[in-house]
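**Student:** Sharing final08.tsv below, TSV, C-alpha atoms and all ligand atoms:
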chain	number	residue	atom	x	y	z
V	1127	MET	CA	12.59	-10.20	-48.98
V	1128	HIS	CA	12.89	-8.85	-52.51
V	1129	SER	CA	13.51	-11.11	-55.43
V	1130	LEU	CA	14.08	-10.40	-59.06
V	1131	ARG	CA	10.56	-11.66	-59.72
V	1132	GLU	CA	9.27	-8.46	-58.10
V	1133	THR	CA	11.70	-6.32	-60.09
V	1134	GLU	CA	10.37	-4.17	-62.93
V	1135	ALA	CA	13.48	-2.21	-63.84
V	1136	VAL	CA	17.15	-3.20	-64.00
V	1137	PHE	CA	19.90	-0.62	-64.43
V	1138	PHE	CA	23.55	-1.38	-65.09
V	1139	ASP	CA	26.66	0.55	-64.20
V	1140	LEU	CA	28.92	0.93	-67.27
V	1141	ASP	CA	32.65	0.84	-66.46
V	1142	ASP	CA	33.91	-2.57	-65.39
V	1143	THR	CA	30.32	-3.83	-65.24
V	1144	LEU	CA	29.28	-4.03	-68.91
V	1145	TYR	CA	32.85	-4.42	-70.19
V	1146	ASP	CA	36.22	-5.42	-68.78
V	1147	GLN	CA	38.02	-2.18	-67.99
V	1148	LEU	CA	41.27	-4.03	-67.39
V	1149	THR	CA	41.79	-4.90	-71.07
V	1150	PRO	CA	42.07	-1.32	-72.43
V	1151	PHE	CA	44.31	-0.39	-69.47
V	1152	GLN	CA	46.60	-3.35	-70.09
V	1153	LEU	CA	46.81	-2.53	-73.80
V	1154	ALA	CA	47.60	1.10	-72.97
V	1155	LEU	CA	50.49	0.08	-70.70
V	1156	GLU	CA	51.85	-2.26	-73.38
V	1157	HIS	CA	51.58	0.46	-76.02
V	1158	CYS	CA	53.44	2.96	-73.79
V	1159	ARG	CA	56.05	0.28	-72.93
V	1160	ILE	CA	55.53	0.74	-69.19
V	1161	ASP	CA	57.53	-1.71	-67.09
V	1162	LEU	CA	55.60	-2.97	-64.06
V	1163	ALA	CA	58.59	-4.91	-62.68
V	1164	ASN	CA	56.98	-7.79	-60.72
V	1165	THR	CA	53.68	-6.07	-60.06
V	1166	LYS	CA	50.56	-7.59	-61.60
V	1167	VAL	CA	48.67	-5.39	-64.02
V	1168	GLU	CA	45.37	-6.30	-62.32
V	1169	ASP	CA	46.70	-5.09	-58.95
V	1170	VAL	CA	47.82	-1.78	-60.45
V	1171	PHE	CA	44.49	-1.46	-62.19
V	1172	LYS	CA	42.56	-2.07	-58.94
V	1173	LYS	CA	44.60	0.72	-57.35
V	1174	VAL	CA	43.82	3.01	-60.29
V	1175	ARG	CA	40.11	2.34	-59.72
V	1176	TYR	CA	40.57	2.91	-55.98
V	1177	PHE	CA	42.24	6.28	-56.54
V	1178	SER	CA	39.66	7.09	-59.19
V	1179	ASP	CA	36.91	6.72	-56.56
V	1180	VAL	CA	38.89	8.66	-53.92
V	1181	LEU	CA	39.71	11.51	-56.32
V	1182	TRP	CA	36.16	11.53	-57.70
V	1183	LYS	CA	35.00	12.93	-54.35
V	1184	VAL	CA	37.65	15.64	-54.63
V	1185	HIS	CA	36.50	16.32	-58.20
V	1186	ILE	CA	32.81	16.73	-57.29
V	1187	ARG	CA	33.86	19.24	-54.62
V	1188	GLY	CA	35.34	21.19	-57.53
V	1189	GLU	CA	38.92	20.85	-56.25
V	1190	ILE	CA	40.41	18.88	-59.12
V	1191	SER	CA	39.59	18.80	-62.84
V	1192	LEU	CA	38.52	15.54	-64.48
V	1193	ASP	CA	41.61	15.67	-66.73
V	1194	LEU	CA	43.92	15.91	-63.73
V	1195	LEU	CA	41.97	13.20	-61.86
V	1196	ARG	CA	42.54	10.77	-64.74
V	1197	ILE	CA	46.30	11.36	-64.68
V	1198	GLU	CA	46.66	11.51	-60.90
V	1199	ARG	CA	44.83	8.20	-60.32
V	1200	ILE	CA	47.42	6.44	-62.50
V	1201	ARG	CA	50.40	8.22	-60.94
V	1202	CYS	CA	49.11	7.54	-57.39
V	1203	ALA	CA	48.51	3.84	-58.16
V	1204	PHE	CA	52.04	3.39	-59.50
V	1205	ASN	CA	53.43	5.29	-56.53
V	1206	ASP	CA	51.58	2.91	-54.19
V	1207	PHE	CA	53.58	-0.01	-55.61
V	1208	GLY	CA	56.84	1.91	-55.40
V	1209	LEU	CA	56.82	2.44	-59.17
V	1210	SER	CA	57.54	5.97	-60.23
V	1211	LEU	CA	55.69	7.46	-63.18
V	1212	SER	CA	56.05	11.07	-64.28
V	1213	ASN	CA	53.00	13.20	-64.99
V	1214	GLN	CA	54.03	13.14	-68.64
V	1215	ARG	CA	54.11	9.32	-68.77
V	1216	ALA	CA	50.86	9.03	-66.78
V	1217	SER	CA	49.29	11.42	-69.27
V	1218	GLU	CA	50.50	9.27	-72.19
V	1219	VAL	CA	48.99	6.16	-70.56
V	1220	GLN	CA	45.69	7.97	-70.00
V	1221	GLU	CA	45.62	9.18	-73.60
V	1222	ARG	CA	46.18	5.67	-74.95
V	1223	TYR	CA	43.71	4.24	-72.40
V	1224	GLU	CA	41.05	6.59	-73.84
V	1225	PHE	CA	41.94	5.41	-77.34
V	1226	GLU	CA	41.72	1.74	-76.31
V	1227	GLN	CA	38.36	2.43	-74.65
V	1228	GLN	CA	36.97	3.20	-78.10
V	1229	GLN	CA	37.71	-0.42	-79.10
V	1230	ILE	CA	36.08	-2.15	-76.14
V	1231	ASN	CA	33.73	-5.14	-76.30
V	1232	PRO	CA	31.03	-6.05	-73.79
V	1233	PHE	CA	31.48	-9.04	-71.48
V	1234	PRO	CA	30.36	-11.94	-73.72
V	1235	GLU	CA	27.09	-12.64	-71.88
V	1236	VAL	CA	25.98	-9.03	-71.46
V	1237	LEU	CA	23.98	-8.36	-74.63
V	1238	THR	CA	22.09	-11.65	-74.26
V	1239	ILE	CA	21.29	-10.87	-70.61
V	1240	ILE	CA	19.94	-7.43	-71.50
V	1241	LYS	CA	17.76	-8.87	-74.28
V	1242	ASP	CA	16.60	-11.65	-71.96
V	1243	LEU	CA	15.57	-9.15	-69.27
V	1244	GLN	CA	13.78	-7.05	-71.92
V	1245	SER	CA	11.95	-10.11	-73.21
V	1246	ARG	CA	10.61	-10.55	-69.66
V	1247	LYS	CA	9.13	-7.04	-70.01
V	1248	LEU	CA	11.63	-5.46	-67.63
V	1249	ILE	CA	12.83	-1.92	-68.20
V	1250	VAL	CA	16.60	-2.10	-68.77
V	1251	GLY	CA	18.89	0.91	-68.63
V	1252	VAL	CA	22.35	2.24	-67.88
V	1253	LEU	CA	23.33	4.66	-65.10
V	1254	THR	CA	26.94	5.78	-65.16
V	1255	ASN	CA	29.16	8.50	-63.74
V	1256	GLY	CA	31.15	10.73	-66.06
V	1257	PRO	CA	30.99	13.20	-68.95
V	1258	VAL	CA	28.14	12.59	-71.39
V	1259	GLN	CA	30.17	12.33	-74.62
V	1260	HIS	CA	32.94	10.21	-73.10
V	1261	GLN	CA	30.47	7.70	-71.63
V	1262	MET	CA	28.29	7.68	-74.78
V	1263	ASN	CA	31.36	6.86	-76.91
V	1264	LYS	CA	31.90	3.75	-74.80
V	1265	ILE	CA	28.20	2.82	-74.89
V	1266	LYS	CA	28.34	3.05	-78.70
V	1267	SER	CA	31.53	0.96	-78.88
V	1268	LEU	CA	29.73	-1.70	-76.85
V	1269	GLN	CA	26.67	-1.42	-79.15
V	1270	ILE	CA	24.55	-1.04	-76.04
V	1271	ASP	CA	22.86	1.97	-77.70
V	1272	GLN	CA	21.41	-0.44	-80.26
V	1273	ILE	CA	19.38	-2.32	-77.64
V	1274	ILE	CA	18.77	0.30	-74.93
V	1275	PRO	CA	16.87	3.46	-75.96
V	1276	PRO	CA	18.46	6.87	-75.18
V	1277	GLU	CA	15.81	7.77	-72.58
V	1278	ARG	CA	17.05	4.86	-70.47
V	1279	ILE	CA	20.69	5.87	-70.56
V	1280	PHE	CA	21.53	8.17	-67.63
V	1281	ILE	CA	24.93	9.86	-67.37
V	1282	SER	CA	25.81	11.84	-64.24
V	1283	ASP	CA	27.09	14.98	-65.98
V	1284	GLY	CA	23.85	15.17	-67.93
V	1285	ILE	CA	21.81	14.94	-64.72
V	1286	GLY	CA	23.98	17.11	-62.49
V	1287	ILE	CA	24.13	14.50	-59.69
V	1288	ALA	CA	26.59	11.60	-59.50
V	1289	LYS	CA	26.96	8.32	-57.59
V	1290	PRO	CA	27.52	7.86	-54.66
V	1291	ASP	CA	24.81	10.51	-54.10
V	1292	LYS	CA	21.65	8.43	-53.68
V	1293	ARG	CA	19.60	11.23	-55.27
V	1294	VAL	CA	20.82	10.08	-58.68
V	1295	PHE	CA	18.91	6.82	-58.12
V	1296	GLU	CA	15.84	8.74	-56.94
V	1297	TYR	CA	16.09	10.84	-60.11
V	1298	VAL	CA	16.21	7.78	-62.39
V	1299	GLN	CA	13.35	6.15	-60.51
V	1300	ARG	CA	11.15	9.25	-60.99
V	1301	GLN	CA	12.02	9.36	-64.70
V	1302	ILE	CA	10.99	5.76	-65.30
V	1303	ASN	CA	8.09	6.02	-62.85
V	1304	ILE	CA	8.58	2.63	-61.20
V	1305	GLU	CA	8.44	2.17	-57.40
V	1306	SER	CA	11.92	2.19	-55.91
V	1307	ASN	CA	11.65	-1.31	-54.40
V	1308	LYS	CA	10.97	-2.66	-57.90
V	1309	CYS	CA	14.20	-1.16	-59.25
V	1310	CYS	CA	17.46	-3.09	-59.20
V	1311	TYR	CA	20.99	-1.83	-59.85
V	1312	ILE	CA	23.96	-3.92	-61.00
V	1313	GLY	CA	27.49	-2.61	-60.58
V	1314	ASP	CA	31.03	-3.47	-59.54
V	1315	THR	CA	31.89	-0.80	-56.95
V	1316	TRP	CA	30.57	-1.23	-53.41
V	1317	GLU	CA	30.58	2.44	-52.51
V	1318	ASN	CA	28.98	3.65	-55.74
V	1319	ASP	CA	26.89	0.73	-56.93
V	1320	VAL	CA	25.72	-1.11	-53.80
V	1321	VAL	CA	25.36	1.46	-51.00
V	1322	PRO	CA	23.51	4.37	-52.70
V	1323	PRO	CA	20.88	2.28	-54.55
V	1324	ILE	CA	20.06	0.43	-51.31
V	1325	GLU	CA	19.86	3.78	-49.49
V	1326	ALA	CA	17.46	4.95	-52.20
V	1327	GLY	CA	15.22	1.90	-51.63
V	1328	TRP	CA	16.41	-0.08	-54.66
V	1329	THR	CA	17.80	-3.58	-54.59
V	1330	SER	CA	21.36	-4.17	-55.70
V	1331	ILE	CA	23.28	-6.95	-57.39
V	1332	TRP	CA	26.99	-6.64	-56.71
V	1333	PHE	CA	29.06	-7.70	-59.72
V	1334	ASN	CA	32.14	-8.49	-57.67
V	1335	HIS	CA	34.39	-9.90	-60.39
V	1336	ARG	CA	37.44	-8.16	-58.92
V	1337	LYS	CA	36.90	-10.05	-55.63
V	1338	ARG	CA	36.76	-7.01	-53.35
V	1339	LYS	CA	35.51	-6.88	-49.76
V	1340	PRO	CA	32.23	-5.22	-48.72
V	1341	GLN	CA	32.82	-1.79	-47.19
V	1342	SER	CA	29.71	-1.52	-45.00
V	1343	ASN	CA	26.78	-3.53	-43.60
V	1344	HIS	CA	24.52	-3.00	-46.61
V	1345	ILE	CA	23.13	-6.24	-48.02
V	1346	PRO	CA	22.89	-6.67	-51.79
V	1347	LEU	CA	20.15	-8.90	-53.16
V	1348	GLU	CA	22.88	-11.05	-54.68
V	1349	THR	CA	26.65	-11.01	-55.16
V	1350	ILE	CA	27.94	-12.52	-58.39
V	1351	MET	CA	31.54	-13.04	-59.51
V	1352	SER	CA	30.70	-13.52	-63.19
V	1353	TYR	CA	27.77	-13.44	-65.58
V	1354	ASP	CA	27.84	-17.24	-66.06
V	1355	ASN	CA	24.27	-18.52	-65.76
V	1356	PHE	CA	23.22	-15.06	-64.67
V	1357	MET	CA	19.49	-15.60	-65.12
V	1358	LEU	CA	19.61	-18.90	-63.19
V	1359	LYS	CA	21.49	-17.36	-60.28
V	1360	LEU	CA	18.93	-14.68	-59.61
V	1361	PRO	CA	16.62	-15.17	-56.64
V	1401	MG	MG	31.96	0.56	-62.42
Represent the structure from my file as structure tokens, please.
**Tutor:**
Amino acid sequence: MHSLRETEAVFFDLDDTLYDQLTPFQLALEHCRIDLANTKVEDVFKKVRYFSDVLWKVHIRGEISLDLLRIERIRCAFNDFGLSLSNQRASEVQERYEFEQQQINPFPEVLTIIKDLQSRKLIVGVLTNGPVQHQMNKIKSLQIDQIIPPERIFISDGIGIAKPDKRVFEYVQRQINIESNKCCYIGDTWENDVVPPIEAGWTSIWFNHRKRKPQSNHIPLETIMSYDNFMLKLP
């Protein structure tokens, strides 16, 4: 059985793992004066993330542009709750969401956890899906770039492979030159952040703060709902 004591490298997912993605979305809806009727913003947001993952597969097959994906995921989520949203309105929400994402803050414990892991001589990095500039803007807003060096920040568009393809984990592992079973990945999405690292021989910590259900029989090293007492919770 692996434990964090045997781990030499820890990589974090970015979106909804290092910062709360709900906050910029909520602010964007408020700015655009979108009426959710009786639907909870968190439920709509979960659906947006769901459609984001579904449409991501369509995007990597080259069948939908990233710009259209970002609008469609919002429109589809609203539609799922019986709320209609025109492409124009969905586009306005997306535009404001991108603006709000420039003002994001990390989860309060995150910077301390990264520094703590580094002080234990672990390699700490970020592995995220998306366009390089867009993801780097968020990493800079979070000031993560001030504690993690650029050679440990991996962005799918820069590599040419994206989660859930397990080869992206194999690629990172080769770059840092640490055995796969000594690498650990922390992320919020089962399909992208738990399954492929395990398939690549890594361990995984599932940051399940949105209280989702596992989607397969893969077993993460640990499932956590928050970063409270993170270091104490680790095996
Ligand atoms: Mg994520």
**Student:** Can you tell me how far atom CA of V:Cys1202 sits from atom CA of V:Val1174, in Å to one decimal?
**Tutor:**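 About the pair atom CA of V:Cys1202 and atom CA of V:Val1174: they are 7.5 Å apart.
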**Student:** Could you tell me how far atom CA of V:Thr1149 lies from atom CA of V:Ala1163, in Å and to one decimal?
**Tutor:** 18.8 Å
**Student:** From the options V:Leu1268, V:Ile1324, V:Ser1306, V:Ile1287, which residue's atoms come nearest to V:Leu1347, counting all atoms listed in the file?
**Tutor:**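 Counting all atoms listed in the file, the residue closest to V:Leu1347 is V:Ile1324.
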**Student:** Compile the contact shell of V:Glu1224 as a ChimeraX atom specification: residues with an atom at most 9 Å away, counting all atoms listed in the file, same-chain residues fewer than 4 positions apart removed.
**Tutor:** /V:1150-1151,1154,1219-1220,1228,1260
**Student:** Residues within 7 Å of ligand MG 1401 (chain V) (all atoms listed in the file), as a compact mmCIF listing (two decimals) with C-alpha atoms, in the frame of the given file?
**Tutor:**
# COMPACT_ATOMS: atom_id res chain seq x y z
CA ASP V 1139 26.66 0.55 -64.20
CA LEU V 1140 28.92 0.93 -67.27
CA ASP V 1141 32.65 0.84 -66.46
CA ASP V 1142 33.91 -2.57 -65.39
CA THR V 1143 30.32 -3.83 -65.24
CA GLY V 1313 27.49 -2.61 -60.58
CA ASP V 1314 31.03 -3.47 -59.54
CA THR V 1315 31.89 -0.80 -56.95
**Student:** V:Ser1352, V:Asn1334, V:Thr1133, V:Asn1255: which is nearest V:Gly1286, counting all atoms listed in the file?
**Tutor:**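 Closest to V:Gly1286, using all atoms listed in the file: V:Asn1255.
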**Student:** My list of candidates is V:Asp1193, V:Glu1221, V:Asp1271, V:Asp1179. Which is closest to V:Glu1317 when distances are computed with all atoms listed in the file?
**Tutor:**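 For V:Glu1317, the nearest of the given residues is V:Asp1179.
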**Student:** Rank V:Val1321, V:Leu1144, V:Ile1160, V:Ile1273 by their smallest atom-to-atom distance to V:Ser1245, using all atoms listed in the file, and report the top residue only.
**Tutor:**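 Nearest candidate to V:Ser1245 out of V:Val1321, V:Leu1144, V:Ile1160, V:Ile1273: V:Ile1273.
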**Student:** To one decimal place, how far is atom CA of V:Ser1330 from atom CA of V:Ile1302 in Å?
**Tutor:**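 If I compute the distance from atom CA of V:Ser1330 to atom CA of V:Ile1302, I get 17.3 Å.
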**Student:** Which residue out of V:Ala1203, V:Tyr1311, V:Asn1164, V:Gln1152 has the minimum interatomic distance to V:Glu1348 when all atoms listed in the file are used?
**Tutor:** V:Tyr1311
**Student:** Could you check the closest approach to V:Leu1358 for each of V:Ile1239, V:Ile1274, V:Ala1216, V:Ile1312 and tell me which residue wins, using all atoms listed in the file?
**Tutor:**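 Smallest separation from V:Leu1358 among the options: V:Ile1239.
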**Student:** Would you list the contacts of V:Glu1305 as number ranges by chain, taking every protein, DNA or RNA residue within 12 Å and counting all atoms listed in the file, but skipping same-chain residues closer than 6 positions in sequence?
**Tutor:** V: 1132-1135, 1295-1299, 1326-1329
**Student:** I'd like the neighbourhood of V:Phe1280 as a PyMOL selection string, where a residue qualifies if any of its atoms comes within 7 Å (using only C-alpha atoms), though same-chain residues fewer than 5 positions away should be ignored.
**Tutor:** chain V and resi 1252-1254
